[in-house]
file protein_22.cif (mmCIF, N, CA and C atoms)
data_work
loop_
_atom_site.label_atom_id
_atom_site.label_comp_id
_atom_site.auth_asym_id
_atom_site.auth_seq_id
_atom_site.Cartn_x
_atom_site.Cartn_y
_atom_site.Cartn_z
N MET K 1 0.84 -1.18 0.00
CA MET K 1 0.00 0.00 0.00
C MET K 1 0.88 1.24 0.00
N SER K 2 0.52 2.20 -0.82
CA SER K 2 1.30 3.43 -0.96
C SER K 2 1.16 4.31 0.28
N GLN K 3 2.24 4.92 0.67
CA GLN K 3 2.23 5.86 1.79
C GLN K 3 2.02 7.30 1.31
N ASP K 4 2.08 7.51 -0.02
CA ASP K 4 1.92 8.84 -0.58
C ASP K 4 0.46 9.28 -0.49
N VAL K 5 0.26 10.59 -0.31
CA VAL K 5 -1.08 11.15 -0.25
C VAL K 5 -1.22 12.16 -1.38
N ASN K 6 -2.25 12.00 -2.16
CA ASN K 6 -2.59 12.95 -3.22
C ASN K 6 -3.56 13.97 -2.65
N VAL K 7 -3.48 15.20 -3.14
CA VAL K 7 -4.37 16.26 -2.67
C VAL K 7 -4.98 16.96 -3.88
N VAL K 8 -6.30 17.08 -3.87
CA VAL K 8 -7.03 17.84 -4.88
C VAL K 8 -7.97 18.77 -4.12
N ALA K 9 -7.97 20.04 -4.50
CA ALA K 9 -8.76 21.02 -3.75
C ALA K 9 -9.55 21.92 -4.68
N LEU K 10 -10.65 22.43 -4.16
CA LEU K 10 -11.49 23.37 -4.88
C LEU K 10 -11.89 24.48 -3.91
N VAL K 11 -11.67 25.71 -4.31
CA VAL K 11 -12.13 26.87 -3.55
C VAL K 11 -13.26 27.48 -4.36
N LYS K 12 -14.43 27.52 -3.76
CA LYS K 12 -15.61 28.02 -4.46
C LYS K 12 -16.28 29.04 -3.54
N GLY K 13 -15.98 30.30 -3.79
CA GLY K 13 -16.50 31.35 -2.91
C GLY K 13 -15.93 31.19 -1.52
N GLU K 14 -16.81 31.07 -0.56
CA GLU K 14 -16.39 30.88 0.83
C GLU K 14 -16.19 29.41 1.17
N GLU K 15 -16.59 28.53 0.28
CA GLU K 15 -16.50 27.09 0.54
C GLU K 15 -15.17 26.52 0.08
N ARG K 16 -14.71 25.51 0.81
CA ARG K 16 -13.47 24.82 0.49
C ARG K 16 -13.75 23.32 0.44
N TYR K 17 -13.36 22.69 -0.67
CA TYR K 17 -13.48 21.24 -0.80
C TYR K 17 -12.06 20.71 -0.93
N LEU K 18 -11.68 19.82 -0.03
CA LEU K 18 -10.33 19.27 0.00
C LEU K 18 -10.42 17.75 0.02
N PHE K 19 -9.77 17.11 -0.93
CA PHE K 19 -9.81 15.65 -1.04
C PHE K 19 -8.39 15.12 -0.89
N LEU K 20 -8.19 14.27 0.08
CA LEU K 20 -6.91 13.60 0.32
C LEU K 20 -7.13 12.12 0.03
N PHE K 21 -6.26 11.51 -0.79
CA PHE K 21 -6.46 10.11 -1.14
C PHE K 21 -5.15 9.48 -1.56
N SER K 22 -5.06 8.18 -1.34
CA SER K 22 -3.91 7.41 -1.83
C SER K 22 -4.25 6.92 -3.24
N ASP K 23 -3.25 6.40 -3.94
CA ASP K 23 -3.50 5.86 -5.28
C ASP K 23 -4.55 4.76 -5.24
N GLU K 24 -4.53 3.95 -4.20
CA GLU K 24 -5.48 2.85 -4.06
C GLU K 24 -6.90 3.34 -3.83
N GLN K 25 -7.07 4.56 -3.38
CA GLN K 25 -8.40 5.11 -3.10
C GLN K 25 -8.95 5.95 -4.25
N LYS K 26 -8.33 5.87 -5.41
CA LYS K 26 -8.76 6.68 -6.55
C LYS K 26 -10.23 6.44 -6.88
N GLY K 27 -10.64 5.19 -6.99
CA GLY K 27 -12.03 4.87 -7.33
C GLY K 27 -13.02 5.42 -6.31
N GLU K 28 -12.70 5.26 -5.05
CA GLU K 28 -13.57 5.77 -3.99
C GLU K 28 -13.66 7.30 -4.06
N THR K 29 -12.55 7.95 -4.35
CA THR K 29 -12.53 9.41 -4.46
C THR K 29 -13.40 9.87 -5.63
N LEU K 30 -13.30 9.18 -6.76
CA LEU K 30 -14.12 9.54 -7.92
C LEU K 30 -15.61 9.37 -7.62
N ARG K 31 -15.97 8.31 -6.90
CA ARG K 31 -17.37 8.11 -6.52
C ARG K 31 -17.84 9.21 -5.57
N THR K 32 -16.96 9.64 -4.67
CA THR K 32 -17.31 10.72 -3.74
C THR K 32 -17.58 12.02 -4.48
N LEU K 33 -16.80 12.30 -5.51
CA LEU K 33 -17.04 13.51 -6.31
C LEU K 33 -18.45 13.47 -6.92
N GLY K 34 -18.85 12.30 -7.42
CA GLY K 34 -20.19 12.14 -7.97
C GLY K 34 -21.28 12.32 -6.92
N LYS K 35 -21.04 11.79 -5.73
CA LYS K 35 -22.02 11.95 -4.64
C LYS K 35 -22.18 13.41 -4.26
N TYR K 36 -21.05 14.13 -4.18
CA TYR K 36 -21.12 15.55 -3.84
C TYR K 36 -21.87 16.33 -4.92
N ALA K 37 -21.61 16.00 -6.19
CA ALA K 37 -22.26 16.72 -7.29
C ALA K 37 -23.76 16.46 -7.32
N SER K 38 -24.19 15.28 -6.91
CA SER K 38 -25.62 14.95 -6.93
C SER K 38 -26.36 15.43 -5.68
N ASN K 39 -25.64 16.00 -4.73
CA ASN K 39 -26.25 16.50 -3.50
C ASN K 39 -26.71 17.95 -3.72
N PRO K 40 -28.02 18.20 -3.76
CA PRO K 40 -28.52 19.56 -4.02
C PRO K 40 -28.23 20.54 -2.88
N GLU K 41 -27.85 20.04 -1.72
CA GLU K 41 -27.55 20.93 -0.60
C GLU K 41 -26.13 21.52 -0.68
N LEU K 42 -25.31 21.00 -1.61
CA LEU K 42 -23.96 21.51 -1.79
C LEU K 42 -23.88 22.37 -3.06
N SER K 43 -22.96 23.28 -3.08
CA SER K 43 -22.74 24.09 -4.29
C SER K 43 -21.82 23.37 -5.27
N PHE K 44 -21.37 22.19 -4.92
CA PHE K 44 -20.46 21.39 -5.73
C PHE K 44 -21.23 20.87 -6.95
N SER K 45 -20.82 21.31 -8.14
CA SER K 45 -21.57 20.98 -9.37
C SER K 45 -20.95 19.78 -10.10
N TRP K 46 -21.67 19.33 -11.14
CA TRP K 46 -21.14 18.26 -11.98
C TRP K 46 -19.91 18.74 -12.75
N TYR K 47 -19.89 20.01 -13.08
CA TYR K 47 -18.70 20.57 -13.72
C TYR K 47 -17.50 20.47 -12.77
N ASP K 48 -17.70 20.83 -11.51
CA ASP K 48 -16.64 20.71 -10.51
C ASP K 48 -16.14 19.27 -10.41
N ALA K 49 -17.10 18.33 -10.38
CA ALA K 49 -16.74 16.92 -10.27
C ALA K 49 -15.95 16.46 -11.50
N ALA K 50 -16.33 16.92 -12.68
CA ALA K 50 -15.63 16.52 -13.90
C ALA K 50 -14.19 17.03 -13.91
N VAL K 51 -14.01 18.29 -13.55
CA VAL K 51 -12.66 18.87 -13.55
C VAL K 51 -11.80 18.20 -12.48
N LEU K 52 -12.34 18.01 -11.29
CA LEU K 52 -11.56 17.38 -10.23
C LEU K 52 -11.27 15.92 -10.53
N SER K 53 -12.19 15.23 -11.20
CA SER K 53 -11.92 13.83 -11.53
C SER K 53 -10.75 13.73 -12.50
N GLN K 54 -10.62 14.68 -13.41
CA GLN K 54 -9.45 14.70 -14.30
C GLN K 54 -8.18 14.90 -13.49
N LYS K 55 -8.23 15.77 -12.51
CA LYS K 55 -7.06 16.03 -11.66
C LYS K 55 -6.71 14.79 -10.83
N VAL K 56 -7.73 14.07 -10.34
CA VAL K 56 -7.48 12.84 -9.58
C VAL K 56 -6.77 11.82 -10.47
N ARG K 57 -7.31 11.61 -11.65
CA ARG K 57 -6.70 10.63 -12.57
C ARG K 57 -5.29 11.05 -12.97
N ARG K 58 -5.11 12.32 -13.22
CA ARG K 58 -3.79 12.83 -13.62
C ARG K 58 -2.79 12.69 -12.48
N ALA K 59 -3.21 12.92 -11.24
CA ALA K 59 -2.29 12.81 -10.10
C ALA K 59 -1.78 11.38 -9.96
N VAL K 60 -2.66 10.41 -10.12
CA VAL K 60 -2.27 9.01 -9.99
C VAL K 60 -1.42 8.60 -11.19
N ARG K 61 -1.80 9.02 -12.38
CA ARG K 61 -1.06 8.66 -13.59
C ARG K 61 0.35 9.27 -13.57
N LYS K 62 0.47 10.53 -13.20
CA LYS K 62 1.78 11.18 -13.17
C LYS K 62 2.73 10.49 -12.22
N LYS K 63 2.21 10.08 -11.10
CA LYS K 63 3.05 9.39 -10.13
C LYS K 63 3.56 8.08 -10.72
N GLY K 64 2.71 7.36 -11.43
CA GLY K 64 3.11 6.12 -12.07
C GLY K 64 4.12 6.36 -13.17
N GLU K 65 3.97 7.45 -13.92
CA GLU K 65 4.89 7.77 -15.00
C GLU K 65 6.28 8.11 -14.46
N HIS K 66 6.32 8.63 -13.26
CA HIS K 66 7.60 9.01 -12.65
C HIS K 66 8.52 7.81 -12.51
N PHE K 67 7.94 6.64 -12.27
CA PHE K 67 8.73 5.44 -12.04
C PHE K 67 8.92 4.60 -13.30
N GLN K 68 8.28 4.98 -14.40
CA GLN K 68 8.40 4.22 -15.64
C GLN K 68 9.56 4.75 -16.47
N ASN K 69 9.88 4.00 -17.52
CA ASN K 69 10.88 4.42 -18.48
C ASN K 69 10.46 5.76 -19.09
N THR K 70 11.40 6.58 -19.49
CA THR K 70 11.07 7.88 -20.04
C THR K 70 10.53 7.82 -21.46
N ASP K 71 10.60 6.66 -22.12
CA ASP K 71 10.02 6.52 -23.46
C ASP K 71 8.51 6.61 -23.36
N GLN K 72 7.91 7.38 -24.27
CA GLN K 72 6.46 7.54 -24.27
C GLN K 72 5.89 7.00 -25.56
N SER K 73 4.66 6.56 -25.49
CA SER K 73 3.97 6.10 -26.69
C SER K 73 3.73 7.29 -27.61
N VAL K 74 3.61 7.01 -28.88
CA VAL K 74 3.36 8.08 -29.84
C VAL K 74 2.06 8.77 -29.48
N GLY K 75 2.09 10.08 -29.39
CA GLY K 75 0.89 10.86 -29.13
C GLY K 75 0.63 11.14 -27.67
N ASP K 76 1.31 10.48 -26.74
CA ASP K 76 1.04 10.71 -25.33
C ASP K 76 1.28 12.16 -24.93
N SER K 77 2.40 12.72 -25.35
CA SER K 77 2.72 14.07 -24.91
C SER K 77 2.36 15.11 -25.96
N ASP K 78 1.90 14.68 -27.14
CA ASP K 78 1.60 15.61 -28.21
C ASP K 78 0.21 16.21 -28.10
N ALA K 79 -0.65 15.59 -27.34
CA ALA K 79 -2.03 16.07 -27.23
C ALA K 79 -2.06 17.38 -26.46
N PRO K 80 -2.78 18.39 -26.98
CA PRO K 80 -2.87 19.65 -26.25
C PRO K 80 -3.67 19.45 -24.97
N ARG K 81 -3.23 20.04 -23.92
CA ARG K 81 -3.90 19.93 -22.63
C ARG K 81 -4.24 21.32 -22.12
N VAL K 82 -5.41 21.43 -21.54
CA VAL K 82 -5.84 22.67 -20.93
C VAL K 82 -5.84 22.44 -19.44
N GLU K 83 -5.15 23.28 -18.71
CA GLU K 83 -5.05 23.12 -17.26
C GLU K 83 -5.66 24.35 -16.60
N TYR K 84 -6.72 24.14 -15.82
CA TYR K 84 -7.32 25.22 -15.06
C TYR K 84 -6.83 25.08 -13.63
N ASN K 85 -6.01 26.02 -13.20
CA ASN K 85 -5.44 25.93 -11.86
C ASN K 85 -6.40 26.42 -10.79
N GLN K 86 -7.30 27.31 -11.14
CA GLN K 86 -8.27 27.80 -10.17
C GLN K 86 -9.61 27.96 -10.86
N PHE K 87 -10.65 27.61 -10.15
CA PHE K 87 -11.98 27.81 -10.70
C PHE K 87 -12.31 29.30 -10.72
N GLU K 88 -11.59 30.09 -9.94
CA GLU K 88 -11.84 31.52 -9.91
C GLU K 88 -11.46 32.18 -11.23
N ASP K 89 -10.80 31.43 -12.14
CA ASP K 89 -10.50 31.95 -13.46
C ASP K 89 -11.78 32.37 -14.17
N PHE K 90 -12.89 31.76 -13.82
CA PHE K 90 -14.16 32.07 -14.46
C PHE K 90 -14.97 33.07 -13.63
N MET K 91 -14.33 33.69 -12.67
CA MET K 91 -14.96 34.68 -11.80
C MET K 91 -16.23 34.12 -11.16
N GLY K 92 -16.14 32.88 -10.73
CA GLY K 92 -17.26 32.26 -10.03
C GLY K 92 -18.34 31.72 -10.93
N GLU K 93 -18.19 31.87 -12.24
CA GLU K 93 -19.19 31.38 -13.17
C GLU K 93 -18.63 30.24 -13.97
N GLU K 94 -19.48 29.30 -14.31
CA GLU K 94 -19.06 28.21 -15.18
C GLU K 94 -18.97 28.74 -16.60
N PRO K 95 -17.99 28.28 -17.36
CA PRO K 95 -17.88 28.76 -18.74
C PRO K 95 -19.02 28.24 -19.61
N THR K 96 -19.36 29.00 -20.61
CA THR K 96 -20.37 28.56 -21.56
C THR K 96 -19.64 28.07 -22.79
N TRP K 97 -19.88 26.85 -23.15
CA TRP K 97 -19.15 26.25 -24.29
C TRP K 97 -19.95 26.39 -25.52
#

call {"tool": "encode", "arguments": {"input": "protein_22.cif", "output": "structure tokens"}}
result
Amino acid sequence: MSQDVNVVALVKGEERYLFLFSDEQKGETLRTLGKYASNPELSFSWYDAAVLSQKVRRAVRKKGEHFQNTDQSVGDSDAPRVEYNQFEDFMGEEPTW
């Protein structure tokens, strides 16, 4: 069992959502994001859950890549990635696509 702890956080107005999980708890963490998004008493939206789930998967994957050979499959690093470091980038509003 891994001793490392992954951290994913969301600051939404006055609210703070902080998720601490090990690599082995990735699935449970993803399910928790869905539970929070489906709870109408929380301001945590499905958009929040989608963005944080990407961060959860990326945190676990990056850690695994650190220990693998540096050779990458074709296209792994060529894909453009958009990284949103803070939800406040949208001034508290979800983007309209």

call {"tool": "axis_aligned_box", "arguments": {"input": "protein_22.cif", "around": "stretch 21-39 of chain K", "padding_each_side": "8 Å", "output": "JSON"}}
result
{"center_x": -15.0, "center_y": 10.4, "center_z": -4.4, "size_x": 39.5, "size_y": 31.1, "size_z": 23.2}

call {"tool": "atom_distance", "arguments": {"input": "protein_22.cif", "atom1": "atom N of K:Glu24", "atom2": "atom C of K:Val5"}}
result
9.3 Å

call {"tool": "atom_distance", "arguments": {"input": "protein_22.cif", "atom1": "atom CA of K:Leu30", "atom2": "atom N of K:Glu15"}}
result
20.8 Å

call {"tool": "atom_distance", "arguments": {"input": "protein_22.cif", "atom1": "atom CA of K:Lys26", "atom2": "atom C of K:Ser45"}}
result
18.2 Å

call {"tool": "residues_near_point", "arguments": {"input": "protein_22.cif", "point": "(-16.2, 17.1, -9.8)", "cutoff": "9 Å", "atoms": "only C-alpha atoms", "output": "list of chain:residue names"}}
result
K:Leu30, K:Thr32, K:Leu33, K:Gly34, K:Tyr36, K:Ala37, K:Phe44, K:Ser45, K:Trp46, K:Tyr47, K:Asp48, K:Ala49, K:Ala50, K:Val51, K:Leu52, K:Ser53, K:Gln54

call {"tool": "residues_around", "arguments": {"input": "protein_22.cif", "residues": "K:Asp4", "least_positions_apart": "5", "cutoff": "6 Å", "atoms": "all atoms listed in the file", "output": "ChimeraX atom specification"}}
result
/K:21-23

call {"tool": "write_last_selection", "arguments": {"input": "protein_22.cif", "atoms": "N, CA and C atoms", "output": "PDB file, in the frame of the given file"}}
result
ATOM      1  N   PHE K  21      -6.260  11.510  -0.790  1.00  0.00           N
ATOM      2  CA  PHE K  21      -6.460  10.110  -1.140  1.00  0.00           C
ATOM      3  C   PHE K  21      -5.150   9.480  -1.560  1.00  0.00           C
ATOM      4  N   SER K  22      -5.060   8.180  -1.340  1.00  0.00           N
ATOM      5  CA  SER K  22      -3.910   7.410  -1.830  1.00  0.00           C
ATOM      6  C   SER K  22      -4.250   6.920  -3.240  1.00  0.00           C
ATOM      7  N   ASP K  23      -3.250   6.400  -3.940  1.00  0.00           N
ATOM      8  CA  ASP K  23      -3.500   5.860  -5.280  1.00  0.00           C
ATOM      9  C   ASP K  23      -4.550   4.760  -5.240  1.00  0.00           C
TER      10      ASP K  23
END

call {"tool": "resolve_selection", "arguments": {"input": "protein_22.cif", "expression": "the PyMOL selection byres ((chain K and resi 20) around 6)", "output": "list in words"}}
result
Asn6, Val7, Val8, Leu18, Phe19, Phe21 and Ser22 of chain K

call {"tool": "write_last_selection", "arguments": {"input": "protein_22.cif", "atoms": "N, CA and C atoms", "output": "mmCIF file, keeping the file's coordinate frame"}}
result
data_model
loop_
_atom_site.group_PDB
_atom_site.id
_atom_site.type_symbol
_atom_site.label_atom_id
_atom_site.label_comp_id
_atom_site.auth_asym_id
_atom_site.auth_seq_id
_atom_site.Cartn_x
_atom_site.Cartn_y
_atom_site.Cartn_z
ATOM 1 N N ASN K 6 -2.250 12.000 -2.160
ATOM 2 C CA ASN K 6 -2.590 12.950 -3.220
ATOM 3 C C ASN K 6 -3.560 13.970 -2.650
ATOM 4 N N VAL K 7 -3.480 15.200 -3.140
ATOM 5 C CA VAL K 7 -4.370 16.260 -2.670
ATOM 6 C C VAL K 7 -4.980 16.960 -3.880
ATOM 7 N N VAL K 8 -6.300 17.080 -3.870
ATOM 8 C CA VAL K 8 -7.030 17.840 -4.880
ATOM 9 C C VAL K 8 -7.970 18.770 -4.120
ATOM 10 N N LEU K 18 -11.680 19.820 -0.030
ATOM 11 C CA LEU K 18 -10.330 19.270 0.000
ATOM 12 C C LEU K 18 -10.420 17.750 0.020
ATOM 13 N N PHE K 19 -9.770 17.110 -0.930
ATOM 14 C CA PHE K 19 -9.810 15.650 -1.040
ATOM 15 C C PHE K 19 -8.390 15.120 -0.890
ATOM 16 N N PHE K 21 -6.260 11.510 -0.790
ATOM 17 C CA PHE K 21 -6.460 10.110 -1.140
ATOM 18 C C PHE K 21 -5.150 9.480 -1.560
ATOM 19 N N SER K 22 -5.060 8.180 -1.340
ATOM 20 C CA SER K 22 -3.910 7.410 -1.830
ATOM 21 C C SER K 22 -4.250 6.920 -3.240
#
